[in-house]
Every structure is written in structure tokens, then in C-alpha cells.
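> My structure is in coords_8.pdb, and what it holds is PDB, C-alpha atoms:
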ATOM      1  CA  MET A1052       3.072   6.316 -47.620
ATOM      2  CA  TYR A1053       3.196   4.221 -44.428
ATOM      3  CA  LYS A1054       6.989   4.553 -44.289
ATOM      4  CA  ASN A1055       6.804   8.329 -44.765
ATOM      5  CA  SER A1056       4.234   8.593 -41.951
ATOM      6  CA  MET A1057       6.450   6.553 -39.608
ATOM      7  CA  LYS A1058       9.443   8.715 -40.498
ATOM      8  CA  ARG A1059       7.524  11.919 -39.722
ATOM      9  CA  ARG A1060       6.430  10.466 -36.369
ATOM     10  CA  PHE A1061       9.984   9.482 -35.513
ATOM     11  CA  VAL A1062      11.290  12.962 -36.337
ATOM     12  CA  PHE A1063       8.515  14.590 -34.293
ATOM     13  CA  TRP A1064       9.072  12.471 -31.181
ATOM     14  CA  ALA A1065      12.850  12.777 -31.495
ATOM     15  CA  GLY A1066      12.394  16.559 -31.451
ATOM     16  CA  VAL A1067      10.139  16.382 -28.384
ATOM     17  CA  LEU A1068      12.671  14.175 -26.579
ATOM     18  CA  LEU A1069      15.481  16.595 -27.412
ATOM     19  CA  LEU A1070      13.498  19.512 -25.971
ATOM     20  CA  VAL A1071      12.747  17.601 -22.769
ATOM     21  CA  LEU A1072      16.353  16.539 -22.249
ATOM     22  CA  SER A1073      17.774  19.954 -23.041
ATOM     23  CA  GLY A1074      15.869  21.527 -20.078
ATOM     24  CA  CYS A1075      15.933  25.327 -20.494
ATOM     25  CA  ALA A1076      19.105  25.130 -22.563
ATOM     26  CA  THR A1077      18.612  28.430 -24.339
ATOM     27  CA  PRO A1078      21.110  31.290 -24.011
ATOM     28  CA  GLY A1079      20.073  34.720 -22.789
ATOM     29  CA  GLN A1080      18.880  36.358 -19.579
ATOM     30  CA  LYS A1081      16.842  34.463 -16.967
ATOM     31  CA  PHE A1082      15.175  36.041 -13.920
ATOM     32  CA  ILE A1083      14.595  34.628 -10.432
ATOM     33  CA  ASP A1084      13.146  35.740  -7.079
ATOM     34  CA  ILE A1085      15.152  35.557  -3.867
ATOM     35  CA  ASN A1086      12.952  34.837  -0.848
ATOM     36  CA  TYR A1087      13.192  33.345   2.633
ATOM     37  CA  HIS A1088      10.652  30.523   3.060
ATOM     38  CA  ARG A1089      11.772  28.501   6.068
ATOM     39  CA  SER A1090       9.371  28.369   9.017
ATOM     40  CA  HIS A1091      10.480  28.220  12.653
ATOM     41  CA  ASP A1092       9.178  26.574  15.797
ATOM     42  CA  PRO A1093       6.768  28.990  17.584
ATOM     43  CA  SER A1094       8.439  28.176  20.906
ATOM     44  CA  GLU A1095      11.746  29.440  19.506
ATOM     45  CA  THR A1096      10.254  32.684  18.194
ATOM     46  CA  GLU A1097       8.271  33.567  21.339
ATOM     47  CA  PRO A1098      11.157  35.423  23.111
ATOM     48  CA  ASN A1099      11.484  37.763  20.111
ATOM     49  CA  LYS A1100       7.862  38.952  20.026
ATOM     50  CA  GLY A1101       7.472  42.705  20.247
ATOM     51  CA  ARG A1102      11.095  43.416  19.375
ATOM     52  CA  LYS A1103      11.401  45.764  16.400
ATOM     53  CA  VAL A1104      14.112  45.268  13.779
ATOM     54  CA  GLY A1105      15.049  47.734  11.053
ATOM     55  CA  ILE A1106      16.855  46.366   8.011
ATOM     56  CA  ALA A1107      18.589  48.580   5.454
ATOM     57  CA  LYS A1108      19.177  47.719   1.821
ATOM     58  CA  LEU A1109      22.480  45.871   1.422
ATOM     59  CA  GLU A1110      25.181  47.765  -0.457
ATOM     60  CA  ASP A1111      26.423  45.910  -3.536
ATOM     61  CA  LEU A1112      30.236  46.174  -3.534
ATOM     62  CA  ARG A1113      30.829  43.655  -6.330
ATOM     63  CA  SER A1114      32.761  44.984  -9.311
ATOM     64  CA  GLY A1115      32.186  44.173 -12.961
ATOM     65  CA  THR A1116      28.566  43.063 -12.530
ATOM     66  CA  GLY A1117      25.188  44.726 -12.639
ATOM     67  CA  GLU A1118      23.265  45.026  -9.374
ATOM     68  CA  GLY A1119      20.832  42.291 -10.321
ATOM     69  CA  TYR A1120      23.427  39.745 -11.480
ATOM     70  CA  VAL A1121      23.552  36.428  -9.577
ATOM     71  CA  GLY A1122      25.295  34.011 -11.943
ATOM     72  CA  TYR A1123      25.523  32.200 -15.257
ATOM     73  CA  ARG A1124      25.403  28.766 -16.877
ATOM     74  CA  ILE A1125      27.585  27.645 -19.789
ATOM     75  CA  LEU A1126      25.637  25.426 -22.180
ATOM     76  CA  ASN A1127      26.934  22.495 -24.235
ATOM     77  CA  ASP A1128      27.601  24.742 -27.242
ATOM     78  CA  ASN A1129      29.508  27.229 -24.998
ATOM     79  CA  SER A1130      26.697  29.795 -25.204
ATOM     80  CA  ARG A1131      25.691  31.350 -21.891
ATOM     81  CA  GLU A1132      22.594  31.862 -19.790
ATOM     82  CA  THR A1133      22.824  34.842 -17.424
ATOM     83  CA  TYR A1134      20.822  34.887 -14.197
ATOM     84  CA  LEU A1135      19.446  38.077 -12.655
ATOM     85  CA  VAL A1136      17.050  38.869  -9.814
ATOM     86  CA  ASN A1137      13.662  40.324 -10.643
ATOM     87  CA  GLY A1138      13.842  44.073 -10.160
ATOM     88  CA  LEU A1139      17.573  44.050 -11.025
ATOM     89  CA  ASP A1140      18.534  44.973  -7.461
ATOM     90  CA  LEU A1141      20.247  42.260  -5.424
ATOM     91  CA  GLY A1142      20.659  44.548  -2.395
ATOM     92  CA  THR A1143      16.910  45.112  -2.128
ATOM     93  CA  SER A1144      16.160  41.423  -2.783
ATOM     94  CA  LEU A1145      18.399  40.389   0.125
ATOM     95  CA  GLN A1146      16.932  43.126   2.326
ATOM     96  CA  LYS A1147      13.478  41.611   1.759
ATOM     97  CA  ALA A1148      14.826  38.115   2.450
ATOM     98  CA  PHE A1149      16.304  39.248   5.773
ATOM     99  CA  ILE A1150      13.046  40.996   6.712
ATOM    100  CA  SER A1151      11.229  37.710   6.058
ATOM    101  CA  TYR A1152      13.813  35.854   8.164
ATOM    102  CA  TYR A1153      13.261  38.115  11.178
ATOM    103  CA  ASP A1154       9.483  38.061  10.728
ATOM    104  CA  LYS A1155       9.506  34.256  10.772
ATOM    105  CA  ASN A1156      11.614  34.377  13.934
ATOM    106  CA  GLY A1157       8.982  36.381  15.780
ATOM    107  CA  PHE A1158      10.382  39.907  15.389
ATOM    108  CA  GLU A1159       8.553  42.894  13.912
ATOM    109  CA  ALA A1160      10.829  43.645  10.945
ATOM    110  CA  ALA A1161      10.642  46.620   8.594
ATOM    111  CA  PRO A1162      12.829  48.340   5.994
ATOM    112  CA  MET A1163      14.880  51.361   7.038
ATOM    113  CA  ASP A1164      17.316  53.858   5.519
ATOM    114  CA  ALA A1165      21.050  53.248   5.359
ATOM    115  CA  TRP A1166      23.013  54.093   8.502
ATOM    116  CA  GLU A1167      26.641  54.720   9.424
ATOM    117  CA  PHE A1168      28.470  51.670  10.785
ATOM    118  CA  SER A1169      29.580  53.276  14.060
ATOM    119  CA  PRO A1170      28.236  53.647  17.628
ATOM    120  CA  GLU A1171      27.161  57.190  16.780
ATOM    121  CA  GLY A1172      25.487  55.920  13.605
ATOM    122  CA  VAL A1173      23.590  53.352  15.651
ATOM    123  CA  LYS A1174      22.486  55.992  18.143
ATOM    124  CA  ASN A1175      21.108  58.216  15.384
ATOM    125  CA  ALA A1176      19.437  55.445  13.367
ATOM    126  CA  ALA A1177      17.964  53.119  15.974
ATOM    127  CA  LYS A1178      15.404  55.446  17.544
ATOM    128  CA  ASP A1179      12.420  53.443  16.294
ATOM    129  CA  PHE A1180      13.995  49.979  16.553
ATOM    130  CA  ASP A1181      15.460  47.643  19.156
ATOM    131  CA  LEU A1182      17.895  46.242  16.597
ATOM    132  CA  ILE A1183      19.096  47.523  13.229
ATOM    133  CA  ILE A1184      20.766  45.587  10.428
ATOM    134  CA  ALA A1185      22.762  46.738   7.405
ATOM    135  CA  GLY A1186      25.560  45.314   5.339
ATOM    136  CA  SER A1187      27.400  44.832   2.077
ATOM    137  CA  ILE A1188      27.498  42.205  -0.656
ATOM    138  CA  ASN A1189      31.123  41.310  -1.319
ATOM    139  CA  LYS A1190      30.479  38.276  -3.503
ATOM    140  CA  PHE A1191      27.338  36.603  -4.809
ATOM    141  CA  GLU A1192      27.688  34.433  -7.894
ATOM    142  CA  CYS A1193      26.630  31.012  -9.120
ATOM    143  CA  GLN A1194      28.918  29.505 -11.738
ATOM    144  CA  ALA A1195      27.248  26.632 -13.568
ATOM    145  CA  ARG A1196      28.149  24.467 -16.533
ATOM    146  CA  LYS A1197      25.964  22.066 -18.480
ATOM    147  CA  LYS A1198      27.808  18.824 -19.304
ATOM    148  CA  GLY A1199      25.639  16.642 -21.498
ATOM    149  CA  PHE A1200      22.397  16.216 -19.554
ATOM    150  CA  VAL A1201      23.951  17.241 -16.207
ATOM    151  CA  THR A1202      24.477  20.751 -14.789
ATOM    152  CA  GLU A1203      27.154  21.329 -12.154
ATOM    153  CA  MET A1204      26.654  24.452  -9.989
ATOM    154  CA  THR A1205      28.847  26.281  -7.474
ATOM    155  CA  LEU A1206      27.354  29.199  -5.524
ATOM    156  CA  ASP A1207      29.797  31.518  -3.748
ATOM    157  CA  ILE A1208      28.337  34.038  -1.259
ATOM    158  CA  ASP A1209      30.259  36.511   0.905
ATOM    159  CA  ILE A1210      28.221  39.103   2.813
ATOM    160  CA  THR A1211      29.222  41.387   5.690
ATOM    161  CA  LEU A1212      26.389  42.339   8.035
ATOM    162  CA  TYR A1213      26.408  44.985  10.753
ATOM    163  CA  SER A1214      23.948  44.877  13.645
ATOM    164  CA  GLY A1215      23.265  47.799  15.933
ATOM    165  CA  ASN A1216      21.830  47.532  19.436
ATOM    166  CA  ALA A1217      19.657  50.498  20.318
ATOM    167  CA  GLY A1218      20.056  50.096  24.079
ATOM    168  CA  GLU A1219      23.843  49.932  24.005
ATOM    169  CA  ASN A1220      24.566  52.127  20.956
ATOM    170  CA  THR A1221      27.028  49.491  19.786
ATOM    171  CA  ARG A1222      27.468  47.776  16.456
ATOM    172  CA  LYS A1223      28.657  44.266  15.693
ATOM    173  CA  LYS A1224      30.262  43.003  12.486
ATOM    174  CA  ILE A1225      28.911  39.654  11.258
ATOM    175  CA  PRO A1226      30.692  38.002   8.296
ATOM    176  CA  LEU A1227      28.559  35.505   6.359
ATOM    177  CA  ALA A1228      30.299  33.320   3.794
ATOM    178  CA  LEU A1229      29.549  29.972   2.200
ATOM    179  CA  ILE A1230      30.273  27.955  -0.920
ATOM    180  CA  VAL A1231      27.647  25.426  -2.013
ATOM    181  CA  GLU A1232      28.012  22.861  -4.783
ATOM    182  CA  ARG A1233      25.213  20.926  -6.444
ATOM    183  CA  THR A1234      24.633  18.729  -9.490
ATOM    184  CA  GLU A1235      21.262  18.641 -11.257
ATOM    185  CA  VAL A1236      20.294  16.058 -13.885
ATOM    186  CA  ASN A1237      17.051  17.753 -14.954
ATOM    187  CA  PHE A1238      18.032  21.407 -14.619
ATOM    188  CA  SER A1239      15.360  24.119 -14.696
ATOM    189  CA  LEU A1240      15.070  27.778 -13.803
ATOM    190  CA  GLN A1241      12.865  26.803 -10.852
ATOM    191  CA  LYS A1242      15.543  24.429  -9.548
ATOM    192  CA  PHE A1243      18.180  27.130  -9.896
ATOM    193  CA  GLU A1244      15.994  29.575  -7.947
ATOM    194  CA  HIS A1245      15.388  26.946  -5.243
ATOM    195  CA  PHE A1246      19.141  26.266  -5.010
ATOM    196  CA  VAL A1247      19.907  29.974  -4.468
ATOM    197  CA  ASN A1248      17.110  30.390  -1.900
ATOM    198  CA  LEU A1249      18.255  27.361   0.111
ATOM    199  CA  ALA A1250      21.744  28.880   0.297
ATOM    200  CA  VAL A1251      20.334  32.221   1.478
ATOM    201  CA  GLU A1252      18.340  30.402   4.173
ATOM    202  CA  ASP A1253      21.489  28.585   5.353
ATOM    203  CA  MET A1254      23.574  31.743   5.792
TER
END
What is this structure when it is put down as C-alpha cells?

Amino acid sequence: MYKNSMKRRFVFWAGVLLLVLSGCATPGQKFIDINYHRSHDPSETEPNKGRKVGIAKLEDLRSGTGEGYVGYRILNDNSRETYLVNGLDLGTSLQKAFISYYDKNGFEAAPMDAWEFSPEGVKNAAKDFDLIIAGSINKFECQARKKGFVTEMTLDIDITLYSGNAGENTRKKIPLALIVERTEVNFSLQKFEHFVNLAVEDM
């Protein structure tokens, strides 16, 4: 009886340990939020106060993926976790992140409709704003693989922004691209979300 009890305890705790070490290792769809959290020095944001910025939803030009897709992770058994943004709309998620960025930099930022990327388009769209922003998502994907108890991640982002100046009726093209690599021993959905948000903040 004592031996049977010890065996049951061993099996129980071995199962608990396996669950802890596996860390979210279940295939299927996982959802994250993309936000901009970084604060800025008030002295740096002071010159921007009172300036109004309109930001349009980013156009998702990626092919072969749904709008909300942001990446995947291959597990040890070669099954796959797929990562999506809440709301299944990456363009809107990034629009909100950029609005937060400008707000934290002292601007008065607000969403706006899409506009034509030309001087005439700027002239027609920027009536209520000092600056307008729009753009396209060319690439946004995290490729991750679980190797034993370690997860290796590579996030590849390529975004083209266009800014329009209301006073000059001009538009400027701003390419944003970065590749970030990271290794996590205790992987979790929260750590994946944090990894993506840090990359967005560094663009």
C-alpha cells in the first residue's frame, strides 16, 4: 500500500513538472494584443503639444495570410501554434499603436479615413490635422520553433509609412523595417506578446 501511494505521488508530480516545463505547448490558435506602452520625457513632448495628427488604418498587403495573422511556433512534435491579433485586424491594431505613440509624444492623435498618397491627397485629407499618417504592411511575421525547453523566435517586420504635412501639401515616404531574434527558456503567450510589442516600439 505504501509503495502504491508513493508511485501515485511520483506520477502526479511528474505530470505537474511536465506541464510546467512544456509552457503553453499546445497547438492551435493563440491571440495577442499589440499596444504601444513606452513613456517619453515630458520635456521632449512639450514642442508637440497642440499639434493634431490623423492616422489611417494601415493597409495589409501581405499575401497568403489572414489580416490578423502575426506568426507561428513549431512545437517539439511538429504541431503548430498560430498567433493572431485580437480583433483579427493587424492594420487596425497597428493604427491604434501609432495613435498611442503620438499621444505619448505630446501630439493630439486620432483615427482618420484612408487618403491618397499624393500632394493632392494630402491637401484633401489634412483639413483637420497638422500631420497625417497612413501606410501599408508589407511583412509582419514571427517564426518560432520550440527546441526541447527553449523557443527560438525571429520577428520580421516591413512597413511603409506615408506622412502628409498640411501646411506644405507634401507627403513623405518612410520605410520601417527590422528583424529581431530572441530565445526564451520559459516561453509563454505573455512573453510572445511582450516580444512583439517591444519590436513595434523600436520601429
> Could you list as a PyMOL selection string every residue that has an atom within 9 Å of (14.7, 30.5, -18.1), using the file's coordinates and counting all atoms listed in the file?
chain A and resi 1075-1083+1132+1134+1239-1241
> In Å, with one decimal, what is the gap from CA of Glu1118 (chain A) to CA of Asp1209 (chain A)?
15.1 Å
> I want to know what sits within 10 Å of Lys1197 (chain A), based on all atoms listed in the file, with residues of the same chain fewer than 4 positions away left out; could you give that as a PyMOL selection string?
chain A and resi 1073+1076+1124-1129+1131+1201-1204+1234-1236+1238
> Using only C-alpha atoms, please write the residues we just selected to a file, as a compact mmCIF listing (two decimals), keeping the file's coordinate frame.

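The new file result-v8.txt reads:
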# COMPACT_ATOMS: atom_id res chain seq x y z
CA SER A 1073 17.77 19.95 -23.04
CA ALA A 1076 19.10 25.13 -22.56
CA ARG A 1124 25.40 28.77 -16.88
CA ILE A 1125 27.58 27.64 -19.79
CA LEU A 1126 25.64 25.43 -22.18
CA ASN A 1127 26.93 22.50 -24.24
CA ASP A 1128 27.60 24.74 -27.24
CA ASN A 1129 29.51 27.23 -25.00
CA ARG A 1131 25.69 31.35 -21.89
CA VAL A 1201 23.95 17.24 -16.21
CA THR A 1202 24.48 20.75 -14.79
CA GLU A 1203 27.15 21.33 -12.15
CA MET A 1204 26.65 24.45 -9.99
CA THR A 1234 24.63 18.73 -9.49
CA GLU A 1235 21.26 18.64 -11.26
CA VAL A 1236 20.29 16.06 -13.88
CA PHE A 1238 18.03 21.41 -14.62
> A:Ser1094, A:Asn1137, A:Ser1114, A:Asn1216: which is nearest Lys1178 (chain A), counting all atoms listed in the file?
A:Asn1216
> To one decimal in Å, tell me the separation between CA of Glu1232 (chain A) and CA of Asp1154 (chain A).
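CA of Asp1154 (chain A) lies 28.5 Å from CA of Glu1232 (chain A).
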> In Å, how far is it from CA of Gly1122 (chain A) to CA of Phe1191 (chain A)?
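Going from CA of Gly1122 (chain A) over to CA of Phe1191 (chain A), I get 7.9 Å.
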